[in-house]
file upload-v1.csv (CSV, C-alpha atoms)
chain,number,residue,atom,x,y,z
D,821,MET,CA,0.0,0.0,0.0
D,822,ASN,CA,2.7,2.4,1.0
D,823,LYS,CA,4.7,1.5,-2.1
D,824,ILE,CA,1.7,2.3,-4.3
D,825,ILE,CA,1.3,5.7,-2.7
D,826,ARG,CA,5.0,6.4,-3.2
D,827,LEU,CA,4.7,5.5,-6.8
D,828,LEU,CA,1.7,7.6,-7.4
D,829,PRO,CA,3.4,10.9,-8.1
D,830,LEU,CA,5.6,9.2,-10.7
D,831,VAL,CA,2.6,7.6,-12.3
D,832,LEU,CA,0.8,10.9,-12.4
D,833,PHE,CA,3.8,12.7,-13.8
D,834,VAL,CA,4.4,10.1,-16.5
D,835,SER,CA,0.7,10.2,-17.6
D,836,LEU,CA,0.7,14.0,-17.7
D,837,ALA,CA,3.9,14.0,-19.6
D,838,VAL,CA,2.5,11.6,-22.2
D,839,VAL,CA,-0.7,13.7,-22.6
D,840,LEU,CA,1.3,16.9,-23.0
D,841,TYR,CA,3.8,15.2,-25.4
D,842,ARG,CA,1.0,14.0,-27.6
D,843,GLY,CA,-0.4,17.5,-27.6
D,844,LEU,CA,2.8,18.8,-29.2
D,845,PHE,CA,1.9,16.9,-32.4
D,846,LEU,CA,-1.8,17.8,-32.6
D,847,ASP,CA,-2.8,20.5,-35.1
D,848,PRO,CA,-4.5,23.2,-33.1
D,849,GLN,CA,-5.9,24.7,-36.3
D,850,ALA,CA,-7.7,21.5,-37.1
D,851,MET,CA,-11.2,21.7,-35.8
D,852,PRO,CA,-14.3,19.8,-36.8
D,853,SER,CA,-16.7,21.8,-38.9
D,854,ALA,CA,-20.0,22.4,-37.3
D,855,LEU,CA,-21.7,22.1,-40.7
D,856,ILE,CA,-20.9,18.5,-41.6
D,857,GLY,CA,-24.1,16.6,-42.2
D,858,LYS,CA,-26.1,19.8,-42.5
D,859,LYS,CA,-27.8,21.3,-45.5
D,860,MET,CA,-26.0,23.8,-47.6
D,861,PRO,CA,-27.2,27.2,-46.1
D,862,ALA,CA,-29.5,29.3,-48.2
D,863,PHE,CA,-28.0,32.4,-49.8
D,864,GLN,CA,-28.7,35.0,-52.4
D,865,LEU,CA,-25.7,36.5,-53.9
D,866,PRO,CA,-24.5,37.9,-57.3
D,867,GLN,CA,-22.3,35.9,-59.6
D,868,LEU,CA,-18.8,37.0,-60.0
D,869,GLY,CA,-18.9,37.1,-63.8
D,870,ASP,CA,-22.3,38.8,-64.2
D,871,GLU,CA,-23.3,41.0,-61.3
D,872,THR,CA,-26.9,41.3,-62.5
D,873,LYS,CA,-27.3,37.5,-62.1
D,874,VAL,CA,-28.3,36.5,-58.6
D,875,VAL,CA,-27.6,32.9,-57.6
D,876,THR,CA,-29.0,30.8,-54.7
D,877,GLU,CA,-28.1,27.4,-53.3
D,878,LYS,CA,-30.5,25.9,-55.8
D,879,ASP,CA,-28.2,26.9,-58.6
D,880,LEU,CA,-25.4,24.7,-57.4
D,881,GLN,CA,-26.2,21.6,-59.4
D,882,GLY,CA,-24.5,18.3,-59.9
D,883,ASN,CA,-24.2,14.9,-58.3
D,884,ILE,CA,-21.2,15.9,-56.3
D,885,ILE,CA,-20.6,19.5,-55.7
D,886,LEU,CA,-17.2,20.9,-54.9
D,887,LEU,CA,-17.5,24.5,-53.5
D,888,ASN,CA,-14.1,26.2,-53.3
D,889,VAL,CA,-13.6,29.3,-51.3
D,890,TRP,CA,-11.0,31.5,-52.8
D,891,GLY,CA,-9.9,35.1,-53.2
D,892,THR,CA,-7.2,37.0,-55.2
D,893,TRP,CA,-5.7,38.1,-51.9
D,894,CYS,CA,-5.1,34.5,-50.9
D,895,VAL,CA,-1.6,33.1,-51.7
D,896,TYR,CA,-2.5,29.4,-51.4
D,897,CYS,CA,-5.3,29.8,-53.8
D,898,LYS,CA,-2.8,30.4,-56.5
D,899,TYR,CA,-1.0,27.3,-55.4
D,900,GLU,CA,-4.1,25.1,-55.6
D,901,HIS,CA,-5.4,26.6,-58.8
D,902,PRO,CA,-3.8,24.2,-61.3
D,903,TYR,CA,-5.1,21.3,-59.2
D,904,LEU,CA,-8.6,22.7,-59.3
D,905,LEU,CA,-8.3,23.0,-63.1
D,906,ASP,CA,-7.4,19.3,-63.3
D,907,ILE,CA,-10.3,18.4,-61.0
D,908,ALA,CA,-12.8,20.4,-63.0
D,909,LYS,CA,-11.6,18.8,-66.3
D,910,SER,CA,-12.0,15.3,-64.8
D,911,LYS,CA,-15.8,16.1,-64.6
D,912,ARG,CA,-16.1,13.8,-61.6
D,913,VAL,CA,-17.4,16.7,-59.5
D,914,ALA,CA,-19.1,20.0,-60.3
D,915,VAL,CA,-16.7,22.7,-59.3
D,916,TYR,CA,-18.1,26.0,-58.0
D,917,GLY,CA,-16.3,28.9,-56.6
D,918,LEU,CA,-17.0,31.3,-53.7
D,919,ASP,CA,-15.1,34.4,-54.3
D,920,TYR,CA,-14.6,35.4,-50.7
D,921,LYS,CA,-14.1,39.1,-49.6
D,922,ASP,CA,-12.7,40.1,-52.8
D,923,VAL,CA,-12.7,43.0,-55.4
D,924,ARG,CA,-14.7,42.1,-58.4
D,925,LYS,CA,-12.4,43.6,-61.0
D,926,ASP,CA,-9.3,41.9,-59.5
D,927,ALA,CA,-11.1,38.5,-59.3
D,928,LYS,CA,-12.2,38.7,-62.9
D,929,GLU,CA,-8.7,39.5,-64.1
D,930,TRP,CA,-7.3,36.7,-62.0
D,931,LEU,CA,-9.6,34.2,-63.6
D,932,ALA,CA,-8.9,35.5,-67.0
D,933,LYS,CA,-5.2,35.2,-66.4
D,934,TYR,CA,-5.0,31.8,-64.7
D,935,GLU,CA,-8.0,30.2,-66.4
D,936,ASP,CA,-11.4,29.6,-64.7
D,937,PRO,CA,-12.1,26.1,-63.3
D,938,TYR,CA,-15.5,27.1,-61.9
D,939,ILE,CA,-18.9,26.6,-63.4
D,940,PHE,CA,-19.5,30.0,-61.8
D,941,SER,CA,-18.2,31.8,-58.8
D,942,ILE,CA,-20.5,33.3,-56.2
D,943,PHE,CA,-19.3,36.8,-55.3
D,944,ASP,CA,-19.4,37.3,-51.6
D,945,GLU,CA,-18.0,40.7,-51.0
D,946,LEU,CA,-18.8,41.0,-47.3
D,947,GLY,CA,-18.1,37.4,-46.5
D,948,LYS,CA,-21.8,36.8,-45.5
D,949,LEU,CA,-22.0,33.3,-47.0
D,950,GLY,CA,-18.6,32.7,-45.6
D,951,ILE,CA,-19.9,33.2,-42.1
D,952,GLU,CA,-22.9,30.9,-42.9
D,953,LEU,CA,-20.4,28.3,-43.9
D,954,GLY,CA,-18.1,28.8,-41.0
D,955,VAL,CA,-15.3,29.9,-43.3
D,956,THR,CA,-12.3,31.4,-41.4
D,957,ALA,CA,-10.0,32.1,-44.3
D,958,ALA,CA,-9.3,30.9,-47.8
D,959,PRO,CA,-8.7,28.5,-49.3
D,960,GLU,CA,-11.4,26.2,-48.0
D,961,THR,CA,-13.3,23.5,-49.9
D,962,PHE,CA,-16.6,21.9,-49.2
D,963,ILE,CA,-18.0,18.7,-50.7
D,964,ILE,CA,-21.8,18.7,-51.0
D,965,ASP,CA,-23.7,15.6,-52.0
D,966,HIS,CA,-26.7,15.3,-54.4
D,967,ASN,CA,-29.1,16.0,-51.5
D,968,GLY,CA,-27.5,19.3,-50.7
D,969,ILE,CA,-25.9,18.0,-47.6
D,970,ILE,CA,-22.4,19.2,-46.7
D,971,ARG,CA,-20.2,16.1,-46.3
D,972,MET,CA,-16.8,17.5,-45.9
D,973,LYS,CA,-14.8,20.6,-45.3
D,974,HIS,CA,-11.2,20.9,-46.1
D,975,VAL,CA,-9.2,23.8,-44.8
D,976,GLY,CA,-6.1,24.7,-46.7
D,977,PRO,CA,-5.0,24.2,-50.3
D,978,ILE,CA,-5.8,21.1,-52.4
D,979,ASP,CA,-3.0,19.3,-54.1
D,980,ASP,CA,-2.5,15.8,-55.5
D,981,ASN,CA,-1.8,14.3,-52.1
D,982,VAL,CA,-4.8,15.9,-50.4
D,983,TRP,CA,-7.0,15.0,-53.3
D,984,GLN,CA,-6.0,11.4,-53.3
D,985,GLN,CA,-6.0,10.9,-49.6
D,986,LYS,CA,-8.9,13.0,-48.4
D,987,PHE,CA,-11.2,13.8,-51.3
D,988,LEU,CA,-11.2,10.7,-53.5
D,989,PRO,CA,-12.3,8.2,-50.8
D,990,LEU,CA,-15.3,10.3,-50.0
D,991,ILE,CA,-16.1,10.9,-53.6
D,992,GLU,CA,-16.1,7.1,-54.2
D,993,ILE,CA,-18.4,6.7,-51.2
D,994,LEU,CA,-20.8,9.3,-52.6
D,995,GLU,CA,-20.7,7.8,-56.0
D,996,SER,CA,-21.7,4.4,-54.6
D,997,GLU,CA,-24.4,6.0,-52.5
D,998,GLN,CA,-25.9,7.5,-55.6
D,999,LYS,CA,-25.8,4.2,-57.5
D,1000,GLY,CA,-27.6,2.7,-54.5
D,1001,SER,CA,-30.3,5.3,-54.5
D,1002,LEU,CA,-30.8,4.9,-58.2
D,1003,LEU,CA,-31.4,1.1,-57.9
C,1452,MET,CA,11.4,15.5,12.2
C,1453,ILE,CA,10.3,14.6,8.7
C,1454,ILE,CA,6.8,15.6,9.4
C,1455,LYS,CA,7.9,18.9,10.7
C,1456,SER,CA,10.1,19.7,7.8
C,1457,LEU,CA,7.3,18.6,5.5
C,1458,ARG,CA,4.9,21.0,7.2
C,1459,ASN,CA,7.4,23.8,6.8
C,1460,ASN,CA,7.9,23.0,3.1
C,1461,LEU,CA,4.1,22.9,2.6
C,1462,ARG,CA,3.8,26.3,4.3
C,1463,ILE,CA,6.4,27.8,2.0
C,1464,ALA,CA,4.9,26.2,-1.1
C,1465,LEU,CA,1.4,27.5,-0.2
C,1466,LEU,CA,2.9,31.0,0.4
C,1467,VAL,CA,4.6,31.0,-3.0
C,1468,LEU,CA,1.5,29.7,-4.8
C,1469,PHE,CA,-0.6,32.4,-3.1
C,1470,SER,CA,1.8,35.2,-4.0
C,1471,PHE,CA,1.8,33.9,-7.6
C,1472,ALA,CA,-1.9,34.0,-7.7
C,1473,VAL,CA,-2.1,37.5,-6.4
C,1474,PHE,CA,0.6,38.6,-8.9
C,1475,SER,CA,-1.2,37.1,-11.9
C,1476,LEU,CA,-4.5,38.6,-10.8
C,1477,LEU,CA,-2.8,42.0,-10.7
C,1478,THR,CA,-1.1,41.6,-14.2
C,1479,VAL,CA,-3.7,39.7,-16.3
C,1480,ASN,CA,-6.6,41.6,-17.7
C,1481,HIS,CA,-4.5,44.7,-18.3
C,1482,VAL,CA,-3.6,43.8,-21.9
C,1483,ALA,CA,-5.9,45.8,-24.0
C,1484,ALA,CA,-5.0,46.8,-27.5
C,1485,SER,CA,-8.1,45.9,-29.3
C,1486,PRO,CA,-9.0,47.1,-32.7
C,1487,VAL,CA,-11.4,50.0,-32.9
C,1488,ASP,CA,-14.8,49.6,-34.5
C,1489,THR,CA,-17.2,52.5,-34.8
C,1490,TYR,CA,-20.5,50.9,-34.1
C,1491,GLN,CA,-23.2,53.1,-32.8
C,1492,PHE,CA,-25.5,51.8,-30.2
C,1493,SER,CA,-28.9,53.3,-29.4
C,1494,ASP,CA,-28.6,52.5,-25.7
C,1495,GLU,CA,-26.0,51.7,-23.1
C,1496,VAL,CA,-27.4,48.2,-22.4
C,1497,THR,CA,-26.9,47.0,-26.0
C,1498,LYS,CA,-23.4,48.4,-26.0
C,1499,LYS,CA,-22.6,46.5,-22.8
C,1500,ARG,CA,-24.1,43.3,-24.3
C,1501,TYR,CA,-22.0,43.8,-27.5
C,1502,GLN,CA,-18.8,44.2,-25.5
C,1503,ALA,CA,-19.6,41.2,-23.4
C,1504,LEU,CA,-20.3,39.1,-26.4
C,1505,VAL,CA,-17.2,40.0,-28.4
C,1506,LYS,CA,-15.1,39.3,-25.3
C,1507,GLU,CA,-16.6,35.9,-24.8
C,1508,LEU,CA,-16.6,34.7,-28.4
C,1509,ARG,CA,-13.4,33.3,-29.7
C,1510,CYS,CA,-11.9,34.3,-33.0
C,1511,PRO,CA,-11.9,31.1,-35.1
C,1512,LYS,CA,-8.8,31.9,-37.0
C,1513,CYS,CA,-6.5,33.4,-34.4
C,1514,GLN,CA,-7.1,30.9,-31.7
C,1515,ASN,CA,-5.9,32.6,-28.6
C,1516,GLN,CA,-7.8,35.8,-29.0
C,1517,ASN,CA,-11.4,36.8,-28.6
C,1518,LEU,CA,-13.3,38.7,-31.2
C,1519,ALA,CA,-12.7,42.0,-29.3
C,1520,ASP,CA,-8.9,41.6,-29.4
C,1521,SER,CA,-8.3,40.2,-32.8
C,1522,ASN,CA,-7.4,42.2,-35.9
C,1523,SER,CA,-8.0,39.4,-38.3
C,1524,PRO,CA,-10.6,40.0,-41.0
C,1525,ILE,CA,-12.8,37.1,-39.9
C,1526,ALA,CA,-12.9,38.6,-36.4
C,1527,ALA,CA,-14.0,42.0,-37.8
C,1528,ASP,CA,-16.7,40.2,-39.9
C,1529,LEU,CA,-17.9,38.4,-36.8
C,1530,ARG,CA,-18.0,41.6,-34.8
C,1531,ARG,CA,-20.1,43.1,-37.5
C,1532,GLU,CA,-22.3,40.1,-37.5
C,1533,VAL,CA,-22.8,40.3,-33.7
C,1534,TYR,CA,-23.6,44.0,-34.1
C,1535,GLU,CA,-26.2,43.3,-36.8
C,1536,LEU,CA,-27.8,40.5,-34.8
C,1537,LEU,CA,-28.0,42.8,-31.8
C,1538,GLN,CA,-29.7,45.5,-34.0
C,1539,GLN,CA,-32.1,42.9,-35.1
C,1540,GLY,CA,-33.1,42.4,-31.5
C,1541,LYS,CA,-31.6,39.0,-31.1
C,1542,ALA,CA,-31.0,37.7,-27.5
C,1543,ASP,CA,-27.5,36.9,-26.4
C,1544,ILE,CA,-28.2,33.2,-26.3
C,1545,GLU,CA,-29.5,33.4,-29.9
C,1546,ILE,CA,-26.3,35.1,-31.0
C,1547,VAL,CA,-24.1,32.6,-29.3
C,1548,ASP,CA,-26.1,29.8,-30.9
C,1549,PHE,CA,-25.7,31.4,-34.3
C,1550,MET,CA,-21.9,31.3,-33.9
C,1551,VAL,CA,-21.9,27.8,-32.5
C,1552,LYS,CA,-24.0,26.5,-35.4
C,1553,ARG,CA,-21.4,27.9,-37.9
C,1554,TYR,CA,-18.1,27.6,-36.1
C,1555,GLY,CA,-18.8,24.9,-33.5
C,1556,GLU,CA,-18.3,24.9,-29.8
C,1557,PHE,CA,-14.8,26.1,-30.4
C,1558,VAL,CA,-15.9,29.7,-30.6
C,1559,LEU,CA,-17.1,29.7,-27.0
C,1560,TYR,CA,-14.5,30.8,-24.4
C,1561,ARG,CA,-17.0,29.5,-21.8
C,1562,PRO,CA,-17.9,26.1,-23.3
C,1563,LYS,CA,-21.2,24.6,-22.5
C,1564,VAL,CA,-21.4,21.8,-19.9
C,1565,SER,CA,-21.6,18.6,-21.8
C,1566,SER,CA,-20.0,15.1,-21.6
C,1567,LEU,CA,-17.2,16.5,-23.8
C,1568,THR,CA,-16.4,19.3,-21.4
C,1569,TYR,CA,-16.8,17.7,-18.0
C,1570,VAL,CA,-13.1,17.5,-17.6
C,1571,LEU,CA,-12.7,21.2,-18.4
C,1572,TRP,CA,-15.5,22.2,-16.0
C,1573,PHE,CA,-14.9,19.9,-13.1
C,1574,GLY,CA,-11.3,18.9,-13.5
C,1575,PRO,CA,-9.7,21.8,-11.7
C,1576,ALA,CA,-12.2,21.7,-8.8
C,1577,THR,CA,-11.7,18.0,-8.4
C,1578,LEU,CA,-7.9,18.4,-8.5
C,1579,LEU,CA,-8.2,21.2,-5.9
C,1580,PHE,CA,-10.3,19.0,-3.7
C,1581,ILE,CA,-7.9,16.1,-3.9
C,1582,GLY,CA,-5.1,18.5,-3.1
C,1583,VAL,CA,-6.9,19.8,0.0
C,1584,LEU,CA,-7.6,16.3,1.1
C,1585,VAL,CA,-3.9,15.4,0.8
C,1586,VAL,CA,-2.9,18.5,2.7
C,1587,VAL,CA,-5.4,17.9,5.5
C,1588,PHE,CA,-4.3,14.2,5.6
C,1589,ILE,CA,-0.7,15.2,6.0
C,1590,LEU,CA,-1.3,18.0,8.6
C,1591,ARG,CA,-3.7,15.9,10.7
C,1592,ARG,CA,-1.6,12.8,10.9
C,1593,LYS,CA,-0.3,12.8,14.4
C,1594,PRO,CA,3.5,12.6,14.7
C,1595,GLU,CA,4.4,9.1,15.9
C,1596,VAL,CA,5.4,9.3,19.6
C,1597,LYS,CA,8.3,6.9,20.3
C,1598,GLN,CA,7.7,4.9,23.5
C,1599,THR,CA,10.1,6.4,26.1
C,1600,GLN,CA,12.4,3.9,27.6
C,1601,THR,CA,11.7,3.2,31.3
C,1602,LEU,CA,14.6,3.5,33.7
C,1603,SER,CA,15.8,0.5,35.6
C,1604,GLN,CA,15.5,0.5,39.3
C,1605,ALA,CA,19.2,1.2,39.7
C,1606,GLN,CA,19.0,4.2,37.3
C,1607,GLN,CA,15.9,5.5,39.1
C,1608,ASP,CA,17.7,5.4,42.4
C,1609,LYS,CA,20.7,7.2,41.0
C,1610,LEU,CA,18.5,9.8,39.5
C,1611,ASN,CA,16.8,10.3,42.8
C,1612,SER,CA,20.0,10.6,44.7
C,1613,ILE,CA,21.3,13.2,42.3
C,1614,LEU,CA,18.1,15.2,42.6
C,1615,ASN,CA,18.1,14.9,46.4
C,1616,GLY,CA,21.7,15.7,46.6
C,1617,GLU,CA,20.9,19.1,45.2
C,1618,LEU,CA,18.0,19.4,47.6
C,1619,ASN,CA,20.3,18.4,50.4
C,1620,LEU,CA,22.7,21.1,49.5
C,1621,ASN,CA,19.9,23.5,50.0
C,1622,ALA,CA,18.9,21.7,53.1
C,1623,ASP,CA,22.3,22.2,54.6
C,1624,LYS,CA,22.0,25.9,54.2
C,1625,THR,CA,18.5,26.3,55.5
C,1626,PRO,CA,17.1,23.1,57.1
C,1627,ASP,CA,13.9,24.7,58.2
C,1628,GLU,CA,12.9,25.8,54.8
C,1629,ASN,CA,13.7,22.5,53.4
C,1630,THR,CA,11.1,20.7,55.4
C,1631,LYS,CA,8.5,23.4,54.6
C,1632,GLY,CA,9.2,23.3,50.9
C,1633,THR,CA,8.7,19.6,50.4
C,1634,ASN,CA,5.1,19.2,49.4
C,1635,THR,CA,4.8,15.9,47.7
C,1636,ASN,CA,5.0,12.5,49.4
C,1637,THR,CA,7.7,11.2,47.2
C,1638,ASN,CA,9.9,14.1,47.9
C,1639,THR,CA,9.6,13.7,51.6
C,1640,ASN,CA,10.2,10.0,51.3
C,1641,THR,CA,13.4,10.3,49.4
C,1642,ASN,CA,14.5,13.1,51.6
C,1643,THR,CA,14.3,10.9,54.7
C,1644,ASN,CA,16.2,8.2,52.7
C,1645,THR,CA,19.1,10.3,51.8
C,1646,ASN,CA,19.1,11.9,55.2
C,1647,LYS,CA,19.7,8.5,56.6
C,1648,LYS,CA,22.5,7.8,54.2
C,1649,ASN,CA,24.2,11.1,55.0
C,1650,LYS,CA,24.2,10.2,58.6

call {"tool": "encode", "arguments": {"input": "upload-v1.csv", "output": "structure tokens"}}
result
Amino acid sequence: MNKIIRLLPLVLFVSLAVVLYRGLFLDPQAMPSALIGKKMPAFQLPQLGDETKVVTEKDLQGNIILLNVWGTWCVYCKYEHPYLLDIAKSKRVAVYGLDYKDVRKDAKEWLAKYEDPYIFSIFDELGKLGIELGVTAAPETFIIDHNGIIRMKHVGPIDDNVWQQKFLPLIEILESEQKGSLL
Amino acid sequence: MIIKSLRNNLRIALLVLFSFAVFSLLTVNHVAASPVDTYQFSDEVTKKRYQALVKELRCPKCQNQNLADSNSPIAADLRREVYELLQQGKADIEIVDFMVKRYGEFVLYRPKVSSLTYVLWFGPATLLFIGVLVVVFILRRKPEVKQTQTLSQAQQDKLNSILNGELNLNADKTPDENTKGTNTNTNTNTNTNTNKKNK
């Protein structure tokens, strides 16, 4: 009994040390999105290309929707841009853009210069839809299924690695779900 | 001995802890370099509510700042959102729910009590309680008294003779007072004994 009590501080210290040591390797920026499994929020915003055209959540059409939050002020958006072009060309998902807190003229020039992967971009000057989606910065990417339910949120740029490891498995699941619902 | 030094150490440790606590209370809460917004409020109460809300809501991007302190664009947007929701007449709880729905429990500096946050809410109190228990246990444990060795008869006699020898010295000087001064039985007995020996 006495031995156990004597060992107790050591045990406590070691377990605390293990917990804190593990904490060193956790990503504090990684937090679960509150929107997974919820419906895409309703919105009413102009298109980037044509300011007279107002789009809503119903205009996002496709079996699997990829909504990419971007802005010309965002450095990593430039990095992920070529990957988005590839993804859009593969036609496996419908790629839409959310131009987040941007200047319309700059954004249009940006897309003209680097090519436009988006079916259209929603122009969210004040970041209103961004708040609805729980966006904290760009780039962020959402995957929405054919029922309009948000299934995944990725914070940070997309590249081949991220696409293969994080996106493709979910896309395969969604594709098989859709086949199932068709049968 | 060990118990005594333990007690002393404990006292010192508690004193140091206490002074740290006082020091941190004095210094914390005096860091205020928050960005300036120019929101106009129709009444003082709404203004106070706004200030309380932006202090209690955490900036989702800059994780160790609240909305009031942060300069990041998302914090500015969320402050604007809080302001607008207040203007719409929303209650505090509705505004907090609005934020939690979009950014998760993470935005609350005072998280709700749920099975996920039990450790956060009750951990410190439990640890304090255990600490108090340990301190009380240590302080209340009676120091072990070692059984004093009893003197053998010969030792006792020797002790008595030494004590009475002194008394007798006094007795030689003032014999009258000596007899008066002896109050207890044992003393008188031993006195007579030694007196006999002296003779």

call {"tool": "closest_residue", "arguments": {"input": "upload-v1.csv", "among": "D:Glu877, D:Asp926, D:Asp980, D:Glu871", "to": "Ile907 in chain D", "atoms": "all atoms listed in the file"}}
result
D:Asp980

call {"tool": "closest_atom_pairs", "arguments": {"input": "upload-v1.csv", "of": "chain C", "to": "chain D", "cutoff": "6 Å", "atoms": "all atoms listed in the file", "output": "JSON lines"}}
result
{"residue": "C:Lys1512", "atom": "CA", "partner": "D:Thr956", "partner_atom": "CA", "distance": 5.6}
{"residue": "C:Ile1525", "atom": "CA", "partner": "D:Thr956", "partner_atom": "CA", "distance": 5.9}
{"residue": "C:Arg1553", "atom": "CA", "partner": "D:Gly954", "partner_atom": "CA", "distance": 4.6}
{"residue": "C:Tyr1554", "atom": "CA", "partner": "D:Gly954", "partner_atom": "CA", "distance": 5.0}
{"residue": "C:Gly1555", "atom": "CA", "partner": "D:Ala854", "partner_atom": "CA", "distance": 4.7}

call {"tool": "closest_residue", "arguments": {"input": "upload-v1.csv", "among": "C:Thr1601, C:Lys1593, C:Leu1529, C:Gln1514", "to": "Ala850 in chain D", "atoms": "all atoms listed in the file"}}
result
C:Gln1514

call {"tool": "closest_residue", "arguments": {"input": "upload-v1.csv", "among": "D:Gly857, D:Ile939, D:Leu904, D:Ala958", "to": "Asp919 in chain D", "atoms": "all atoms listed in the file"}}
result
D:Ala958

call {"tool": "atom_distance", "arguments": {"input": "upload-v1.csv", "atom1": "CA of Ile1546 in chain C", "atom2": "CA of Gly1574 in chain C"}}
result
28.2 Å

call {"tool": "closest_atom_pairs", "arguments": {"input": "upload-v1.csv", "of": "range 848-881 of chain D", "to": "range 886-889 of chain D", "cutoff": "12 Å", "atoms": "all atoms listed in the file", "output": "JSON lines"}}
result
{"residue": "D:Met860", "atom": "CA", "partner": "D:Leu887", "partner_atom": "CA", "distance": 10.4}
{"residue": "D:Glu877", "atom": "CA", "partner": "D:Leu887", "partner_atom": "CA", "distance": 11.0}
{"residue": "D:Leu880", "atom": "CA", "partner": "D:Leu887", "partner_atom": "CA", "distance": 8.8}
{"residue": "D:Gln881", "atom": "CA", "partner": "D:Leu886", "partner_atom": "CA", "distance": 10.1}

call {"tool": "atom_distance", "arguments": {"input": "upload-v1.csv", "atom1": "CA of Pro1575 in chain C", "atom2": "CA of Glu1556 in chain C"}}
result
20.3 Å

call {"tool": "atom_distance", "arguments": {"input": "upload-v1.csv", "atom1": "CA of Gly1582 in chain C", "atom2": "CA of Tyr1560 in chain C"}}
result
26.3 Å

call {"tool": "residues_around", "arguments": {"input": "upload-v1.csv", "residues": "range 910-916 of chain D", "least_positions_apart": "5", "cutoff": "12 Å", "atoms": "only C-alpha atoms", "output": "VMD selection string"}}
result
chain D and resid 867 to 868 875 877 879 to 890 901 903 to 905 936 to 943 961 to 966 987 to 988 990 to 992 994 to 995

call {"tool": "closest_residue", "arguments": {"input": "upload-v1.csv", "among": "D:Lys986, D:Val923, D:Asp979, D:Pro829", "to": "Asp906 in chain D", "atoms": "all atoms listed in the file"}}
result
D:Asp979

call {"tool": "residues_near_point", "arguments": {"input": "upload-v1.csv", "point": "(-20.9, 28.6, -26.7)", "cutoff": "9 Å", "atoms": "only C-alpha atoms", "output": "list of chain:residue names"}}
result
C:Glu1507, C:Leu1508, C:Ile1544, C:Val1547, C:Asp1548, C:Met1550, C:Val1551, C:Gly1555, C:Glu1556, C:Phe1557, C:Val1558, C:Leu1559, C:Tyr1560, C:Arg1561, C:Pro1562, C:Lys1563

call {"tool": "residues_around", "arguments": {"input": "upload-v1.csv", "residues": "Ile856 in chain D", "least_positions_apart": "3", "cutoff": "7 Å", "atoms": "only C-alpha atoms", "output": "PDB file with C-alpha atoms, keeping the file's coordinate frame"}}
result
ATOM      1  CA  SER D 853     -16.700  21.800 -38.900  1.00  0.00           C
ATOM      2  CA  ILE D 970     -22.400  19.200 -46.700  1.00  0.00           C
ATOM      3  CA  ARG D 971     -20.200  16.100 -46.300  1.00  0.00           C
ATOM      4  CA  MET D 972     -16.800  17.500 -45.900  1.00  0.00           C
TER       5      MET D 972
END

call {"tool": "closest_residue", "arguments": {"input": "upload-v1.csv", "among": "D:Gln985, D:Thr876, D:Ser835, D:Gln998", "to": "Asn967 in chain D", "atoms": "only C-alpha atoms"}}
result
D:Gln998
